[in-house]
>>> print(open('data-v4.pdb').read())   # PDB, C-alpha atoms and all ligand atoms
ATOM      1  CA  MET A  63     -43.173-102.928  67.099
ATOM      2  CA  SER A  64     -44.727-102.220  70.474
ATOM      3  CA  ARG A  65     -46.302 -99.132  71.910
ATOM      4  CA  VAL A  66     -43.991 -97.275  74.266
ATOM      5  CA  ILE A  67     -46.245 -94.355  75.209
ATOM      6  CA  GLU A  68     -50.031 -94.311  75.314
ATOM      7  CA  VAL A  69     -51.786 -91.200  76.583
ATOM      8  CA  ARG A  70     -55.545 -90.683  76.637
ATOM      9  CA  GLY A  71     -57.431 -87.572  77.733
ATOM     10  CA  LEU A  72     -54.539 -86.212  79.796
ATOM     11  CA  THR A  73     -55.236 -83.046  81.736
ATOM     12  CA  LYS A  74     -53.227 -81.132  84.319
ATOM     13  CA  SER A  75     -54.418 -78.155  86.325
ATOM     14  CA  TYR A  76     -52.364 -75.882  88.535
ATOM     15  CA  GLY A  77     -55.031 -74.414  90.777
ATOM     16  CA  GLU A  78     -57.531 -72.737  88.477
ATOM     17  CA  HIS A  79     -55.234 -72.873  85.488
ATOM     18  CA  GLN A  80     -55.602 -75.861  83.167
ATOM     19  CA  ALA A  81     -52.142 -76.199  81.614
ATOM     20  CA  VAL A  82     -52.905 -79.459  79.755
ATOM     21  CA  ARG A  83     -56.455 -79.751  78.450
ATOM     22  CA  GLY A  84     -56.927 -83.260  77.074
ATOM     23  CA  ILE A  85     -53.991 -84.787  75.237
ATOM     24  CA  ASP A  86     -54.032 -88.109  73.351
ATOM     25  CA  LEU A  87     -50.734 -89.486  72.066
ATOM     26  CA  ASP A  88     -49.245 -92.818  70.967
ATOM     27  CA  VAL A  89     -45.515 -93.341  70.460
ATOM     28  CA  GLU A  90     -44.228 -96.611  68.996
ATOM     29  CA  GLU A  91     -40.931 -98.310  69.771
ATOM     30  CA  GLY A  92     -37.989 -96.779  67.899
ATOM     31  CA  GLU A  93     -39.793 -93.542  67.019
ATOM     32  CA  ILE A  94     -38.383 -90.063  67.592
ATOM     33  CA  VAL A  95     -41.276 -87.734  68.388
ATOM     34  CA  ALA A  96     -40.954 -83.992  69.008
ATOM     35  CA  PHE A  97     -43.259 -81.797  71.045
ATOM     36  CA  LEU A  98     -43.164 -78.436  69.338
ATOM     37  CA  GLY A  99     -44.901 -75.446  70.815
ATOM     38  CA  PRO A 100     -44.600 -71.921  72.144
ATOM     39  CA  ASN A 101     -43.700 -70.985  75.751
ATOM     40  CA  GLY A 102     -46.280 -72.138  78.244
ATOM     41  CA  ALA A 103     -47.991 -74.510  75.805
ATOM     42  CA  GLY A 104     -47.775 -77.436  78.230
ATOM     43  CA  LYS A 105     -44.809 -79.376  76.806
ATOM     44  CA  THR A 106     -42.779 -79.659  80.014
ATOM     45  CA  THR A 107     -45.853 -80.413  82.094
ATOM     46  CA  THR A 108     -46.781 -83.274  79.757
ATOM     47  CA  ILE A 109     -43.278 -84.683  79.535
ATOM     48  CA  GLU A 110     -42.843 -84.530  83.319
ATOM     49  CA  ILE A 111     -46.078 -86.477  83.790
ATOM     50  CA  LEU A 112     -44.724 -89.100  81.372
ATOM     51  CA  GLU A 113     -41.477 -89.189  83.383
ATOM     52  CA  GLY A 114     -43.405 -89.715  86.628
ATOM     53  CA  PHE A 115     -42.327 -86.380  88.147
ATOM     54  CA  ARG A 116     -45.780 -84.796  88.120
ATOM     55  CA  ARG A 117     -49.239 -86.226  88.698
ATOM     56  CA  ALA A 118     -51.928 -85.945  86.046
ATOM     57  CA  THR A 119     -55.184 -84.323  87.089
ATOM     58  CA  SER A 120     -57.153 -86.742  84.895
ATOM     59  CA  GLY A 121     -56.712 -89.112  81.980
ATOM     60  CA  SER A 122     -54.674 -92.252  81.527
ATOM     61  CA  VAL A 123     -50.929 -92.499  80.884
ATOM     62  CA  ARG A 124     -49.008 -95.688  80.097
ATOM     63  CA  VAL A 125     -45.268 -95.518  79.526
ATOM     64  CA  LEU A 126     -43.500 -98.803  78.803
ATOM     65  CA  GLY A 127     -46.698-100.492  79.987
ATOM     66  CA  GLU A 128     -46.804 -98.815  83.407
ATOM     67  CA  ASP A 129     -48.414 -95.780  84.986
ATOM     68  CA  PRO A 130     -45.410 -93.466  85.572
ATOM     69  CA  ALA A 131     -46.966 -92.150  88.798
ATOM     70  CA  ARG A 132     -46.759 -95.651  90.308
ATOM     71  CA  ALA A 133     -43.781 -97.010  88.425
ATOM     72  CA  SER A 134     -41.373 -99.644  89.663
ATOM     73  CA  GLN A 135     -37.607 -99.358  90.042
ATOM     74  CA  SER A 136     -37.066-101.522  86.951
ATOM     75  CA  TRP A 137     -39.288 -99.117  84.981
ATOM     76  CA  ARG A 138     -37.079 -96.195  86.138
ATOM     77  CA  GLU A 139     -34.042 -98.060  84.830
ATOM     78  CA  ASP A 140     -35.604 -98.227  81.371
ATOM     79  CA  ILE A 141     -36.031 -94.442  81.215
ATOM     80  CA  GLY A 142     -33.291 -91.920  80.371
ATOM     81  CA  ILE A 143     -33.933 -88.277  81.123
ATOM     82  CA  VAL A 144     -32.058 -85.186  79.984
ATOM     83  CA  LEU A 145     -33.405 -82.156  81.820
ATOM     84  CA  GLN A 146     -33.242 -78.576  80.543
ATOM     85  CA  GLU A 147     -30.546 -77.828  83.101
ATOM     86  CA  SER A 148     -28.405 -80.089  85.232
ATOM     87  CA  GLU A 149     -25.461 -79.742  87.598
ATOM     88  CA  PRO A 150     -22.936 -82.559  87.392
ATOM     89  CA  VAL A 151     -20.642 -83.098  90.412
ATOM     90  CA  PRO A 152     -17.930 -80.501  89.643
ATOM     91  CA  GLU A 153     -14.925 -82.398  91.039
ATOM     92  CA  LEU A 154     -15.556 -85.584  89.078
ATOM     93  CA  THR A 155     -14.164 -86.115  85.611
ATOM     94  CA  ALA A 156     -16.542 -86.813  82.746
ATOM     95  CA  LEU A 157     -15.638 -90.499  82.837
ATOM     96  CA  GLU A 158     -16.001 -90.724  86.626
ATOM     97  CA  SER A 159     -19.439 -89.106  86.419
ATOM     98  CA  ILE A 160     -20.578 -91.680  83.905
ATOM     99  CA  GLN A 161     -19.059 -94.526  85.938
ATOM    100  CA  MET A 162     -20.837 -93.292  89.047
ATOM    101  CA  HIS A 163     -24.171 -93.237  87.203
ATOM    102  CA  ALA A 164     -23.464 -96.656  85.733
ATOM    103  CA  SER A 165     -23.149 -98.031  89.271
ATOM    104  CA  TYR A 166     -26.833 -97.177  89.896
ATOM    105  CA  TYR A 167     -27.942 -99.705  87.290
ATOM    106  CA  LEU A 168     -27.990-103.479  87.210
ATOM    107  CA  ALA A 169     -26.997-103.748  83.554
ATOM    108  CA  PRO A 170     -25.385-100.471  82.450
ATOM    109  CA  LEU A 171     -23.595 -99.830  79.176
ATOM    110  CA  ASP A 172     -19.793 -99.612  79.126
ATOM    111  CA  PRO A 173     -18.992 -95.986  80.204
ATOM    112  CA  HIS A 174     -16.236 -95.749  77.575
ATOM    113  CA  ALA A 175     -18.684 -96.749  74.828
ATOM    114  CA  VAL A 176     -21.129 -94.100  76.061
ATOM    115  CA  LEU A 177     -18.399 -91.445  76.072
ATOM    116  CA  ASP A 178     -17.705 -92.408  72.500
ATOM    117  CA  LEU A 179     -21.381 -92.290  71.482
ATOM    118  CA  VAL A 180     -21.740 -88.710  72.723
ATOM    119  CA  GLY A 181     -18.348 -87.634  71.349
ATOM    120  CA  LEU A 182     -16.685 -86.964  74.716
ATOM    121  CA  THR A 183     -13.816 -89.449  74.540
ATOM    122  CA  ASP A 184     -11.238 -86.659  74.252
ATOM    123  CA  SER A 185     -12.624 -85.021  77.414
ATOM    124  CA  ALA A 186     -12.854 -88.212  79.491
ATOM    125  CA  GLU A 187     -10.365 -86.951  82.104
ATOM    126  CA  GLN A 188     -11.657 -83.376  82.173
ATOM    127  CA  ARG A 189     -13.346 -82.295  85.417
ATOM    128  CA  THR A 190     -16.994 -81.512  84.751
ATOM    129  CA  MET A 191     -16.614 -77.934  86.068
ATOM    130  CA  LYS A 192     -14.166 -77.322  83.215
ATOM    131  CA  LEU A 193     -16.442 -78.632  80.480
ATOM    132  CA  SER A 194     -17.923 -76.140  78.016
ATOM    133  CA  GLY A 195     -21.695 -75.699  77.814
ATOM    134  CA  GLY A 196     -21.903 -77.973  74.780
ATOM    135  CA  GLN A 197     -19.705 -80.611  76.435
ATOM    136  CA  LYS A 198     -21.916 -80.506  79.547
ATOM    137  CA  ARG A 199     -24.953 -81.239  77.396
ATOM    138  CA  ARG A 200     -23.097 -84.209  75.928
ATOM    139  CA  LEU A 201     -22.367 -85.406  79.450
ATOM    140  CA  ASP A 202     -26.056 -84.974  80.346
ATOM    141  CA  LEU A 203     -26.943 -87.198  77.437
ATOM    142  CA  ALA A 204     -24.267 -89.724  78.418
ATOM    143  CA  LEU A 205     -25.662 -89.890  81.965
ATOM    144  CA  ALA A 206     -29.147 -90.471  80.572
ATOM    145  CA  LEU A 207     -27.918 -93.241  78.281
ATOM    146  CA  VAL A 208     -25.543 -95.203  80.500
ATOM    147  CA  GLY A 209     -28.380 -97.190  82.079
ATOM    148  CA  ASP A 210     -29.216 -98.518  78.591
ATOM    149  CA  PRO A 211     -32.738 -97.034  78.595
ATOM    150  CA  LYS A 212     -35.511 -98.061  76.226
ATOM    151  CA  LEU A 213     -36.998 -94.564  76.215
ATOM    152  CA  VAL A 214     -35.140 -91.245  76.355
ATOM    153  CA  PHE A 215     -36.723 -87.888  77.206
ATOM    154  CA  LEU A 216     -34.896 -84.778  76.019
ATOM    155  CA  ASP A 217     -36.263 -81.461  77.247
ATOM    156  CA  GLU A 218     -35.131 -78.676  74.907
ATOM    157  CA  PRO A 219     -31.827 -80.382  74.120
ATOM    158  CA  THR A 220     -30.252 -77.447  72.272
ATOM    159  CA  THR A 221     -31.693 -74.314  73.885
ATOM    160  CA  GLY A 222     -28.928 -71.738  74.174
ATOM    161  CA  PHE A 223     -26.566 -73.519  71.769
ATOM    162  CA  ASP A 224     -24.708 -71.764  69.014
ATOM    163  CA  PRO A 225     -25.455 -73.073  65.502
ATOM    164  CA  SER A 226     -22.490 -75.434  65.298
ATOM    165  CA  ALA A 227     -23.140 -76.894  68.772
ATOM    166  CA  ARG A 228     -26.740 -77.471  67.712
ATOM    167  CA  ARG A 229     -25.626 -79.372  64.625
ATOM    168  CA  GLU A 230     -23.355 -81.510  66.788
ATOM    169  CA  ALA A 231     -26.148 -82.206  69.257
ATOM    170  CA  TRP A 232     -28.405 -83.179  66.386
ATOM    171  CA  GLY A 233     -25.741 -85.629  65.261
ATOM    172  CA  MET A 234     -25.728 -87.216  68.722
ATOM    173  CA  ILE A 235     -29.502 -87.501  68.784
ATOM    174  CA  GLU A 236     -29.447 -88.992  65.287
ATOM    175  CA  ALA A 237     -26.968 -91.551  66.650
ATOM    176  CA  LEU A 238     -29.633 -92.602  69.148
ATOM    177  CA  ARG A 239     -31.825 -93.594  66.231
ATOM    178  CA  ALA A 240     -29.259 -96.188  65.248
ATOM    179  CA  THR A 241     -29.371 -97.691  68.746
ATOM    180  CA  GLY A 242     -33.127 -98.274  68.346
ATOM    181  CA  ASN A 243     -34.000 -96.001  71.257
ATOM    182  CA  THR A 244     -37.411 -94.366  71.431
ATOM    183  CA  VAL A 245     -37.008 -90.620  71.968
ATOM    184  CA  LEU A 246     -39.467 -87.941  73.022
ATOM    185  CA  LEU A 247     -38.066 -84.427  72.854
ATOM    186  CA  THR A 248     -39.429 -80.953  73.384
ATOM    187  CA  THR A 249     -38.289 -78.003  71.358
ATOM    188  CA  HIS A 250     -39.141 -74.457  70.331
ATOM    189  CA  TYR A 251     -37.241 -74.838  67.086
ATOM    190  CA  MET A 252     -39.049 -75.817  63.937
ATOM    191  CA  ASP A 253     -35.886 -76.849  62.141
ATOM    192  CA  GLU A 254     -34.879 -79.069  65.062
ATOM    193  CA  ALA A 255     -38.223 -80.860  65.050
ATOM    194  CA  GLU A 256     -38.074 -81.274  61.304
ATOM    195  CA  GLN A 257     -34.486 -82.515  61.335
ATOM    196  CA  LEU A 258     -34.781 -85.009  64.177
ATOM    197  CA  ALA A 259     -38.323 -86.241  64.522
ATOM    198  CA  ASP A 260     -40.209 -88.963  62.697
ATOM    199  CA  ARG A 261     -43.388 -87.271  63.878
ATOM    200  CA  ILE A 262     -44.065 -83.830  65.315
ATOM    201  CA  ALA A 263     -46.819 -83.105  67.821
ATOM    202  CA  VAL A 264     -47.628 -79.386  67.770
ATOM    203  CA  ILE A 265     -48.824 -78.300  71.212
ATOM    204  CA  ALA A 266     -50.571 -75.005  71.773
ATOM    205  CA  ASP A 267     -52.482 -73.874  74.811
ATOM    206  CA  GLY A 268     -52.536 -77.307  76.439
ATOM    207  CA  LEU A 269     -53.723 -79.246  73.397
ATOM    208  CA  ILE A 270     -52.086 -81.205  70.590
ATOM    209  CA  VAL A 271     -53.364 -79.251  67.618
ATOM    210  CA  ALA A 272     -51.737 -81.514  65.012
ATOM    211  CA  VAL A 273     -49.473 -84.532  64.883
ATOM    212  CA  GLY A 274     -47.648 -86.091  61.956
ATOM    213  CA  THR A 275     -44.650 -85.750  59.697
ATOM    214  CA  ALA A 276     -43.749 -82.258  58.497
ATOM    215  CA  ASN A 277     -45.576 -83.063  55.242
ATOM    216  CA  GLU A 278     -48.660 -84.291  57.037
ATOM    217  CA  LEU A 279     -48.743 -81.134  59.148
ATOM    218  CA  ALA A 280     -48.542 -79.057  55.982
ATOM    219  CA  GLN A 281     -51.433 -81.022  54.496
ATOM    220  CA  SER A 282     -53.470 -80.669  57.682
ATOM    221  CA  VAL A 283     -53.544 -76.881  57.266
ATOM    222  CA  GLY A 284     -54.196 -77.169  53.536
ATOM    223  CA  ALA A 285     -50.826 -75.596  52.825
ATOM    224  CA  GLN A 286     -50.193 -75.281  49.127
ATOM    225  CA  LEU A 287     -46.981 -76.105  47.350
ATOM    226  CA  GLN A 288     -45.592 -73.669  44.823
ATOM    227  CA  ILE A 289     -44.520 -74.958  41.419
ATOM    228  CA  SER A 290     -42.340 -72.293  39.864
ATOM    229  CA  TRP A 291     -40.053 -71.671  36.915
ATOM    230  CA  GLN A 292     -38.294 -68.803  35.209
ATOM    231  CA  ALA A 293     -40.917 -67.121  33.035
ATOM    232  CA  ALA A 294     -40.131 -66.742  29.333
ATOM    233  CA  PRO A 295     -40.396 -63.123  27.965
ATOM    234  CA  ASP A 296     -43.810 -63.863  26.422
ATOM    235  CA  GLN A 297     -44.800 -66.604  28.828
ATOM    236  CA  PRO A 298     -48.235 -68.012  27.836
ATOM    237  CA  PRO A 299     -50.423 -69.214  30.725
ATOM    238  CA  PRO A 300     -50.662 -72.967  31.288
ATOM    239  CA  PRO A 301     -54.068 -74.634  30.857
ATOM    240  CA  SER A 302     -56.830 -74.586  33.448
ATOM    241  CA  PRO A 303     -57.086 -75.397  36.332
ATOM    242  CA  LEU A 304     -53.529 -74.110  36.811
ATOM    243  CA  ALA A 305     -53.601 -70.423  37.713
ATOM    244  CA  MET A 306     -50.252 -68.807  36.918
ATOM    245  CA  SER A 307     -48.887 -65.652  38.460
ATOM    246  CA  ILE A 308     -45.594 -63.968  37.605
ATOM    247  CA  ALA A 309     -43.564 -62.303  40.373
ATOM    248  CA  GLU A 310     -41.427 -59.189  39.918
ATOM    249  CA  THR A 311     -38.415 -61.468  40.104
ATOM    250  CA  GLY A 312     -39.577 -62.984  36.818
ATOM    251  CA  ARG A 313     -40.564 -66.320  38.284
ATOM    252  CA  ALA A 314     -43.833 -67.808  37.166
ATOM    253  CA  SER A 315     -45.651 -69.950  39.685
ATOM    254  CA  VAL A 316     -48.787 -71.956  40.280
ATOM    255  CA  SER A 317     -50.111 -73.042  43.674
ATOM    256  CA  SER A 318     -50.880 -76.711  44.043
ATOM    257  CA  THR A 319     -52.366 -79.143  46.531
ATOM    258  CA  ASP A 320     -51.789 -82.047  44.111
ATOM    259  CA  PRO A 321     -48.290 -81.583  42.686
ATOM    260  CA  THR A 322     -48.189 -84.956  40.898
ATOM    261  CA  GLN A 323     -51.297 -84.138  38.870
ATOM    262  CA  ASP A 324     -50.421 -80.465  38.370
ATOM    263  CA  LEU A 325     -46.846 -81.173  37.296
ATOM    264  CA  TYR A 326     -48.213 -83.670  34.778
ATOM    265  CA  ILE A 327     -50.576 -81.042  33.335
ATOM    266  CA  LEU A 328     -47.830 -78.401  33.285
ATOM    267  CA  THR A 329     -45.047 -80.483  31.776
ATOM    268  CA  SER A 330     -47.321 -82.202  29.185
ATOM    269  CA  TRP A 331     -48.484 -78.779  28.061
ATOM    270  CA  ALA A 332     -44.922 -77.412  27.974
ATOM    271  CA  ILE A 333     -43.623 -80.353  25.915
ATOM    272  CA  GLU A 334     -46.543 -80.106  23.476
ATOM    273  CA  LYS A 335     -45.999 -76.359  22.989
ATOM    274  CA  GLY A 336     -42.211 -76.583  23.017
ATOM    275  CA  ILE A 337     -41.987 -74.265  26.028
ATOM    276  CA  ALA A 338     -38.956 -74.509  28.298
ATOM    277  CA  LEU A 339     -39.682 -74.433  32.031
ATOM    278  CA  ASP A 340     -36.258 -73.191  33.090
ATOM    279  CA  GLY A 341     -35.346 -73.717  36.748
ATOM    280  CA  LEU A 342     -38.520 -75.715  37.424
ATOM    281  CA  GLU A 343     -38.954 -76.422  41.111
ATOM    282  CA  VAL A 344     -41.552 -77.475  43.635
ATOM    283  CA  VAL A 345     -41.324 -75.704  46.984
ATOM    284  CA  ARG A 346     -43.381 -76.755  49.939
ATOM    285  CA  PRO A 347     -44.276 -74.294  52.689
ATOM    286  CA  THR A 348     -41.768 -74.214  55.525
ATOM    287  CA  LEU A 349     -42.652 -75.920  58.760
ATOM    288  CA  GLU A 350     -42.523 -72.456  60.282
ATOM    289  CA  ASP A 351     -45.409 -71.286  58.050
ATOM    290  CA  VAL A 352     -47.363 -74.381  59.007
ATOM    291  CA  TYR A 353     -46.533 -74.032  62.696
ATOM    292  CA  LEU A 354     -47.610 -70.399  62.799
ATOM    293  CA  THR A 355     -50.884 -71.329  61.137
ATOM    294  CA  LEU A 356     -51.482 -74.176  63.594
ATOM    295  CA  THR A 357     -50.573 -72.280  66.762
ATOM    296  CA  GLY A 358     -52.287 -69.114  65.520
ATOM    297  CA  GLU A 359     -55.497 -71.067  64.950
ATOM    298  CA  ALA A 360     -55.255 -72.552  68.445
ATOM    299  CA  ASN A 361     -54.878 -69.144  70.044
ATOM    300  CA  SER A 362     -57.580 -67.388  68.042
TER     301      SER A 362
HETATM  302  P1  LIG A 401     -41.696 -73.611  77.892
HETATM  303  O1  LIG A 401     -41.499 -73.835  76.432
HETATM  304  O2  LIG A 401     -41.672 -72.169  78.259
HETATM  305  O3  LIG A 401     -40.847 -74.498  78.756
HETATM  306  P2  LIG A 401     -43.950 -75.412  78.164
HETATM  307  O4  LIG A 401     -44.701 -75.640  76.886
HETATM  308  O5  LIG A 401     -43.017 -76.450  78.597
HETATM  309  O6  LIG A 401     -43.256 -74.004  78.146
HETATM  310  P3  LIG A 401     -45.173 -75.706  80.766
HETATM  311  O7  LIG A 401     -43.906 -75.448  81.502
HETATM  312  O8  LIG A 401     -45.712 -77.077  80.735
HETATM  313  O9  LIG A 401     -45.090 -75.166  79.267
HETATM  314  O10 LIG A 401     -46.276 -74.712  81.371
HETATM  315  C1  LIG A 401     -47.643 -74.748  80.950
HETATM  316  C2  LIG A 401     -48.430 -73.737  81.781
HETATM  317  O11 LIG A 401     -48.516 -74.180  83.129
HETATM  318  C3  LIG A 401     -47.821 -72.354  81.823
HETATM  319  O12 LIG A 401     -48.889 -71.420  81.833
HETATM  320  C4  LIG A 401     -47.081 -72.321  83.143
HETATM  321  O13 LIG A 401     -47.029 -71.029  83.662
HETATM  322  C5  LIG A 401     -47.950 -73.230  84.013
HETATM  323  N1  LIG A 401     -47.171 -73.948  85.032
HETATM  324  C6  LIG A 401     -46.153 -74.802  84.798
HETATM  325  N2  LIG A 401     -45.680 -75.323  85.962
HETATM  326  C7  LIG A 401     -46.435 -74.772  86.960
HETATM  327  C8  LIG A 401     -46.455 -74.913  88.375
HETATM  328  N3  LIG A 401     -45.612 -75.725  89.003
HETATM  329  N4  LIG A 401     -47.368 -74.187  89.052
HETATM  330  C9  LIG A 401     -48.238 -73.386  88.427
HETATM  331  N5  LIG A 401     -48.281 -73.207  87.086
HETATM  332  C10 LIG A 401     -47.394 -73.887  86.356
END
>>> encode(input="data-v4.pdb", output="structure tokens", more="lines below")
Ligand code: ATP
Amino acid sequence: MSRVIEVRGLTKSYGEHQAVRGIDLDVEEGEIVAFLGPNGAGKTTTIEILEGFRRATSGSVRVLGEDPARASQSWREDIGIVLQESEPVPELTALESIQMHASYYLAPLDPHAVLDLVGLTDSAEQRTMKLSGGQKRRLDLALALVGDPKLVFLDEPTTGFDPSARREAWGMIEALRATGNTVLLTTHYMDEAEQLADRIAVIADGLIVAVGTANELAQSVGAQLQISWQAAPDQPPPPSPLAMSIAETGRASVSSTDPTQDLYILTSWAIEKGIALDGLEVVRPTLEDVYLTLTGEANS
């Protein structure tokens, strides 16, 4: 596996305002990494520096082994970009648009295969001005993929989508995983990051405040899992160090940072005492809880 993106000490200032304040990031081949952060956190600025559209103020950036600010034509051909908004040529059909883009590349993919990958085969002959919003986003992705890129950038791929269009878009992005593409995407949506990304980089106020899987992010803020079950009418407390509380709903719960150990203590005790732990479950904090903790800490 080789390193596709390597960023060290990246900063970007717009006049007096430092939008990116020292970002380090490594992305390996085949990974899907999400930048998750609130408005103005610096996601687009960072991604556009990686795409070669903006200049860094300081720091070093290597993307597919080159500095994007000085990249070659062959480097450009290895990059696929889906912008937040795009305007396809309205008179062309979906297929013609993809064919036209394919002609820019030395070794493009078959436009029909790309139509199929993004689920637009049925709309191949439809003029782009007649495509729905969701279909346009599919076409955007098709245009980014037809050059057979090694790395795909997706800037807020589902902003403004209704829930079913989002699910469909997620399916398309999942399909990219099977092609072995490396993907860097930005999003405001916790569930999107969790669903699609191997690793999530939480960006707040120009800094990566945490990076890892959803579980690793939860651990990084010391988030506790809840082990809960339906309390018996005369529920005795489990042994120390487990501290049980019983909610008004009648569910007993203990907080845990080591669920393997704590479940062992709880279930051994329950078996020994002949106590049923009805509806036993382990619930981890949502990524939203973790995200709010991380971005709240960064802003405090
Ligand atoms: P969003 O989720 O709203 O797209 P973002 O995380 O992508 O936000 P950026 O667009 O990178 O954030 O913006 C980071 C900061 O830099 C913001 O304060 C923004 O106002 C500022 N900024 C971005 N582009 C420029 C520019 N061209 N000139 C001046 N300031 C800018």
>>> resolve_selection(input="data-v4.pdb", expression="the PyMOL selection byres (((chain A and resi 101) around 12) and not hetatm)", output="PDB file with C-alpha atoms, in the frame of the given file")
ATOM      1  CA  ALA A  81     -52.142 -76.199  81.614  1.00  0.00           C
ATOM      2  CA  PHE A  97     -43.259 -81.797  71.045  1.00  0.00           C
ATOM      3  CA  LEU A  98     -43.164 -78.436  69.338  1.00  0.00           C
ATOM      4  CA  GLY A  99     -44.901 -75.446  70.815  1.00  0.00           C
ATOM      5  CA  PRO A 100     -44.600 -71.921  72.144  1.00  0.00           C
ATOM      6  CA  GLY A 102     -46.280 -72.138  78.244  1.00  0.00           C
ATOM      7  CA  ALA A 103     -47.991 -74.510  75.805  1.00  0.00           C
ATOM      8  CA  GLY A 104     -47.775 -77.436  78.230  1.00  0.00           C
ATOM      9  CA  LYS A 105     -44.809 -79.376  76.806  1.00  0.00           C
ATOM     10  CA  THR A 106     -42.779 -79.659  80.014  1.00  0.00           C
ATOM     11  CA  THR A 107     -45.853 -80.413  82.094  1.00  0.00           C
ATOM     12  CA  GLU A 218     -35.131 -78.676  74.907  1.00  0.00           C
ATOM     13  CA  THR A 248     -39.429 -80.953  73.384  1.00  0.00           C
ATOM     14  CA  THR A 249     -38.289 -78.003  71.358  1.00  0.00           C
ATOM     15  CA  HIS A 250     -39.141 -74.457  70.331  1.00  0.00           C
ATOM     16  CA  TYR A 251     -37.241 -74.838  67.086  1.00  0.00           C
ATOM     17  CA  ILE A 265     -48.824 -78.300  71.212  1.00  0.00           C
ATOM     18  CA  ALA A 266     -50.571 -75.005  71.773  1.00  0.00           C
ATOM     19  CA  ASP A 267     -52.482 -73.874  74.811  1.00  0.00           C
ATOM     20  CA  GLY A 268     -52.536 -77.307  76.439  1.00  0.00           C
ATOM     21  CA  THR A 357     -50.573 -72.280  66.762  1.00  0.00           C
TER      22      THR A 357
END
>>> resolve_selection(input="data-v4.pdb", expression="the PyMOL selection byres (((chain A and resi 318-328) around 12) and not hetatm)", output="JSON, numbers by chain")
{"A": [277, 280, 281, 282, 283, 284, 285, 286, 287, 288, 289, 290, 291, 298, 299, 300, 301, 302, 303, 304, 305, 306, 314, 315, 316, 317, 329, 330, 331, 332, 333, 334, 335, 336, 337, 338, 339, 342, 343, 344, 345, 346, 347]}
>>> atom_distance(input="data-v4.pdb", atom1="atom O11 of ligand LIG 401 (chain A)", atom2="atom CA of A:Glu147")
18.3 Å
>>> axis_aligned_box(input="data-v4.pdb", around="ligand LIG 401 (chain A)", padding_each_side="8 Å", output="JSON")
{"center_x": -44.9, "center_y": -74.1, "center_z": 82.7, "size_x": 24.0, "size_y": 22.0, "size_z": 28.6}
>>> resolve_selection(input="data-v4.pdb", expression="the PyMOL selection byres (((chain A and resi 187) around 8) and not hetatm)", output="JSON, numbers by chain")
{"A": [155, 156, 157, 184, 185, 186, 188, 189]}
>>> atom_distance(input="data-v4.pdb", atom1="atom CA of A:Val352", atom2="atom CA of A:Ser75")
28.5 Å
>>> residues_around(input="data-v4.pdb", residues="A:Gly84", least_positions_apart="6", cutoff="10 Å", atoms="all atoms listed in the file", output="PDB file with C-alpha atoms, in the coordinates of the input")
ATOM      1  CA  VAL A  69     -51.786 -91.200  76.583  1.00  0.00           C
ATOM      2  CA  ARG A  70     -55.545 -90.683  76.637  1.00  0.00           C
ATOM      3  CA  GLY A  71     -57.431 -87.572  77.733  1.00  0.00           C
ATOM      4  CA  LEU A  72     -54.539 -86.212  79.796  1.00  0.00           C
ATOM      5  CA  THR A  73     -55.236 -83.046  81.736  1.00  0.00           C
ATOM      6  CA  LYS A  74     -53.227 -81.132  84.319  1.00  0.00           C
ATOM      7  CA  SER A 120     -57.153 -86.742  84.895  1.00  0.00           C
ATOM      8  CA  GLY A 121     -56.712 -89.112  81.980  1.00  0.00           C
ATOM      9  CA  GLY A 268     -52.536 -77.307  76.439  1.00  0.00           C
ATOM     10  CA  LEU A 269     -53.723 -79.246  73.397  1.00  0.00           C
ATOM     11  CA  ILE A 270     -52.086 -81.205  70.590  1.00  0.00           C
TER      12      ILE A 270
END
>>> closest_residue(input="data-v4.pdb", among="A:Phe223, A:Phe115, A:Tyr353, A:Trp232", to="A:Ile143", atoms="all atoms listed in the file")
A:Phe115
>>> closest_residue(input="data-v4.pdb", among="A:Val151, A:Ala133, A:Leu201, A:Val264", to="ligand LIG 401 (chain A)", atoms="all atoms listed in the file")
A:Val264
